[in-house]
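A.B. asks: First, the structure itself, so that you have it in front of you.
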Amino acid sequence: MVDELPLQVPPSQVTPANLQQFMLAGNSTFTVRSGNTGTRFTFKIRKPKPESPHFVSVLSGSDNENAYQFVGTIFANGTYSHGTRSKVSPEAPSAKAARWIVERVIAGRELTNCELWHEGRCGRCGRKLTVPESIESGLGPECITRI
Ligand SMILES: [Zn+2]
């Protein structure tokens, strides 16, 4: 049986607050493409346990399930720090992009001149998203109430 979808989706906007909810939901994967250069990077932000910080990693190979490298950590106080054990240089474009995105999103600012795409899965539980509002927000209907 196919879920019944609304015929019309009310117009809604992805706000900086939505982005922050999605990115920090614990299990988010997203691709950011620069409007200037077209360069894109795919990041994962994981929070393995409720008490752990968020770990940011970047896709760095063709195996798009496993080729992620750790780049940095988002601490509970909202600061981002490049990982001392990261194999990615802090000066690498992917590491700079990670810092720019994370710091802006945590500060509640818009991501200007770039596109952000999630992979069609809930940023909290990883299940496939089907409801149009959830596809916009990147969070399933139940998970969005638990953040
Ligand atoms: Zn979910």
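Lettering and numbering for the structure tokens are positional, with chains as A, B, ... in the shown order, residues counted from 1 in each chain, and ligands counted from 1 in the shown order.
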Mind checking which residues fall within 12 Å of Arg146 (chain A), counting only C-alpha atoms, ignoring those fewer than 3 positions away in the same chain, and posting them as a JSON list (two decimals) with N, CA and C atoms, in the first residue's frame?
C.D. replies:
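In the end it all went to out.json:
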```
[["chain", "number", "residue", "atom", "x", "y", "z"],
["A", 21, "GLN", "N", 18.59, 21.89, 12.97],
["A", 21, "GLN", "CA", 17.91, 20.69, 13.48],
["A", 21, "GLN", "C", 18.36, 19.46, 12.71],
["A", 22, "PHE", "N", 18.34, 19.59, 11.38],
["A", 22, "PHE", "CA", 18.69, 18.44, 10.54],
["A", 22, "PHE", "C", 20.15, 18.04, 10.75],
["A", 25, "ALA", "N", 20.93, 16.36, 14.07],
["A", 25, "ALA", "CA", 19.96, 15.33, 14.50],
["A", 25, "ALA", "C", 20.64, 14.04, 14.91],
["A", 26, "GLY", "N", 21.92, 13.86, 14.58],
["A", 26, "GLY", "CA", 22.66, 12.71, 15.06],
["A", 26, "GLY", "C", 23.08, 11.72, 14.00],
["A", 123, "GLY", "N", 17.57, 12.57, 9.05],
["A", 123, "GLY", "CA", 18.83, 12.94, 9.69],
["A", 123, "GLY", "C", 18.98, 12.41, 11.10],
["A", 124, "ARG", "N", 17.91, 11.83, 11.64],
["A", 124, "ARG", "CA", 17.99, 11.30, 13.00],
["A", 124, "ARG", "C", 18.05, 9.78, 13.02],
["A", 125, "CYS", "N", 17.12, 9.15, 12.27],
["A", 125, "CYS", "CA", 17.05, 7.68, 12.36],
["A", 125, "CYS", "C", 17.50, 6.98, 11.08],
["A", 139, "LEU", "N", 13.90, 15.52, 8.06],
["A", 139, "LEU", "CA", 13.58, 14.79, 9.29],
["A", 139, "LEU", "C", 12.20, 14.17, 9.18],
["A", 140, "GLY", "N", 12.08, 12.93, 9.58],
["A", 140, "GLY", "CA", 10.79, 12.24, 9.52],
["A", 140, "GLY", "C", 9.79, 12.86, 10.49],
["A", 141, "PRO", "N", 8.46, 12.55, 10.27],
["A", 141, "PRO", "CA", 7.42, 13.17, 11.08],
["A", 141, "PRO", "C", 7.54, 12.91, 12.58],
["A", 142, "GLU", "N", 8.04, 11.71, 12.96],
["A", 142, "GLU", "CA", 8.20, 11.43, 14.39],
["A", 142, "GLU", "C", 9.48, 12.06, 14.91],
["A", 143, "CYS", "N", 10.55, 11.92, 14.15],
["A", 143, "CYS", "CA", 11.84, 12.42, 14.65],
["A", 143, "CYS", "C", 11.81, 13.93, 14.84]]
```
A.B. asks: Output as a PyMOL selection string all residues of chain A that backbone DSSP marks as strand (DSSP E).
C.D. replies: chain A and resi 27-34+40-46+54-59+68-74+80-82+114-118
A.B. asks: My list of candidates is A:Gln69, A:Gly61, A:Pro53, A:Ser28. Which is closest to ligand 1 when distances are computed with only C-alpha atoms and all ligand atoms?
C.D. replies: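 Going through A:Gln69, A:Gly61, A:Pro53, A:Ser28 one by one, the smallest distance to ligand 1 is for A:Ser28.
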A.B. asks: Using only C-alpha atoms, determine which residues lie at most 7 Å from Glu119 (chain A), disregarding the query and same-chain residues fewer than 2 positions distant; provide the list as an mmCIF file with N, CA and C atoms, in the first residue's frame.
C.D. replies:
```
data_model
loop_
_atom_site.group_PDB
_atom_site.id
_atom_site.type_symbol
_atom_site.label_atom_id
_atom_site.label_comp_id
_atom_site.auth_asym_id
_atom_site.auth_seq_id
_atom_site.Cartn_x
_atom_site.Cartn_y
_atom_site.Cartn_z
ATOM 1 N N THR A 29 23.427 13.039 6.728
ATOM 2 C CA THR A 29 24.345 12.964 5.592
ATOM 3 C C THR A 29 23.847 13.976 4.576
ATOM 4 N N PHE A 30 24.735 14.810 4.073
ATOM 5 C CA PHE A 30 24.300 15.831 3.119
ATOM 6 C C PHE A 30 25.438 16.232 2.199
ATOM 7 N N TRP A 117 21.943 19.448 -0.090
ATOM 8 C CA TRP A 117 21.043 18.336 -0.417
ATOM 9 C C TRP A 117 21.246 17.221 0.587
ATOM 10 N N ARG A 121 17.089 10.542 3.383
ATOM 11 C CA ARG A 121 16.905 9.765 4.614
ATOM 12 C C ARG A 121 16.858 10.700 5.807
#
```
A.B. asks: Looking at only C-alpha atoms and all ligand atoms, which of A:Arg46, A:Asn27, A:Pro16, A:Asn36 is the one that sits closest to ligand 1?
C.D. replies: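 When distances to ligand 1 are compared using only C-alpha atoms and all ligand atoms, the smallest one comes from A:Asn27.
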A.B. asks: Compare A:Thr73, A:Thr145, A:Asn18, A:Thr112 by their minimum atom-to-atom distance to Ser52 (chain A), counting only C-alpha atoms, and give me the closest one.
C.D. replies: A:Thr73
A.B. asks: From the options A:Leu129, A:Cys114, A:Val14, A:Ile101, which residue's atoms come nearest to ligand 1, counting only C-alpha atoms and all ligand atoms?
C.D. replies: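 Smallest separation from ligand 1 among the options: A:Leu129.
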A.B. asks: Excluding same-chain residues fewer than 3 positions from Ser86 (chain A), what lies within 9 Å of it counting only C-alpha atoms, as JSON, numbers by chain?
C.D. replies: {"A": [69, 70, 71, 72, 82, 83, 89, 90]}
A.B. asks: Please return, as a list in words, all residues of region 52-106 of chain A that DSSP assigns to helix (DSSP H, G or I) on the basis of the backbone.
C.D. replies: Pro93, Ser94, Ala95, Lys96, Ala97, Ala98, Arg99, Trp100, Ile101, Val102, Glu103, Arg104, Val105 and Ile106 of chain A
A.B. asks: Of the candidates A:Ser81, A:Ser94, A:Ala76, A:Arg127, which one gets nearest to Pro50 (chain A) if we count only C-alpha atoms?
C.D. replies: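 Selected residue with least distance to Pro50 (chain A): A:Ala76.
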A.B. asks: Please provide as a ChimeraX atom specification all residues within 7 Å of region 103-108 of chain A, with the sequence filter that same-chain residues fewer than 4 positions apart are discarded (counting only C-alpha atoms).
C.D. replies: /A:16-17,19-20,78,80,99
A.B. asks: Just the residues within 6 Å of Arg33 (chain A), please, counting only C-alpha atoms, with nothing from its chain fewer than 5 positions along; format it as a PyMOL selection string.
C.D. replies: chain A and resi 38-40+114-115
A.B. asks: From the set A:Lys128, A:Val102, A:Ser137, A:Phe41, which residue has the shortest atom-to-atom contact distance to Val56 (chain A), counting only C-alpha atoms?
C.D. replies: A:Val102
A.B. asks: Using CA of Gly120 (chain A) and CA of Ile135 (chain A) as the two end points, give the distance in Å to one decimal.
C.D. replies: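 Computed distance, CA of Gly120 (chain A) to CA of Ile135 (chain A), equals 6.5 Å.
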A.B. asks: Please, what distance in Å, to one decimal, runs between CA of Glu136 (chain A) and CA of Pro48 (chain A)?
C.D. replies: 24.4 Å
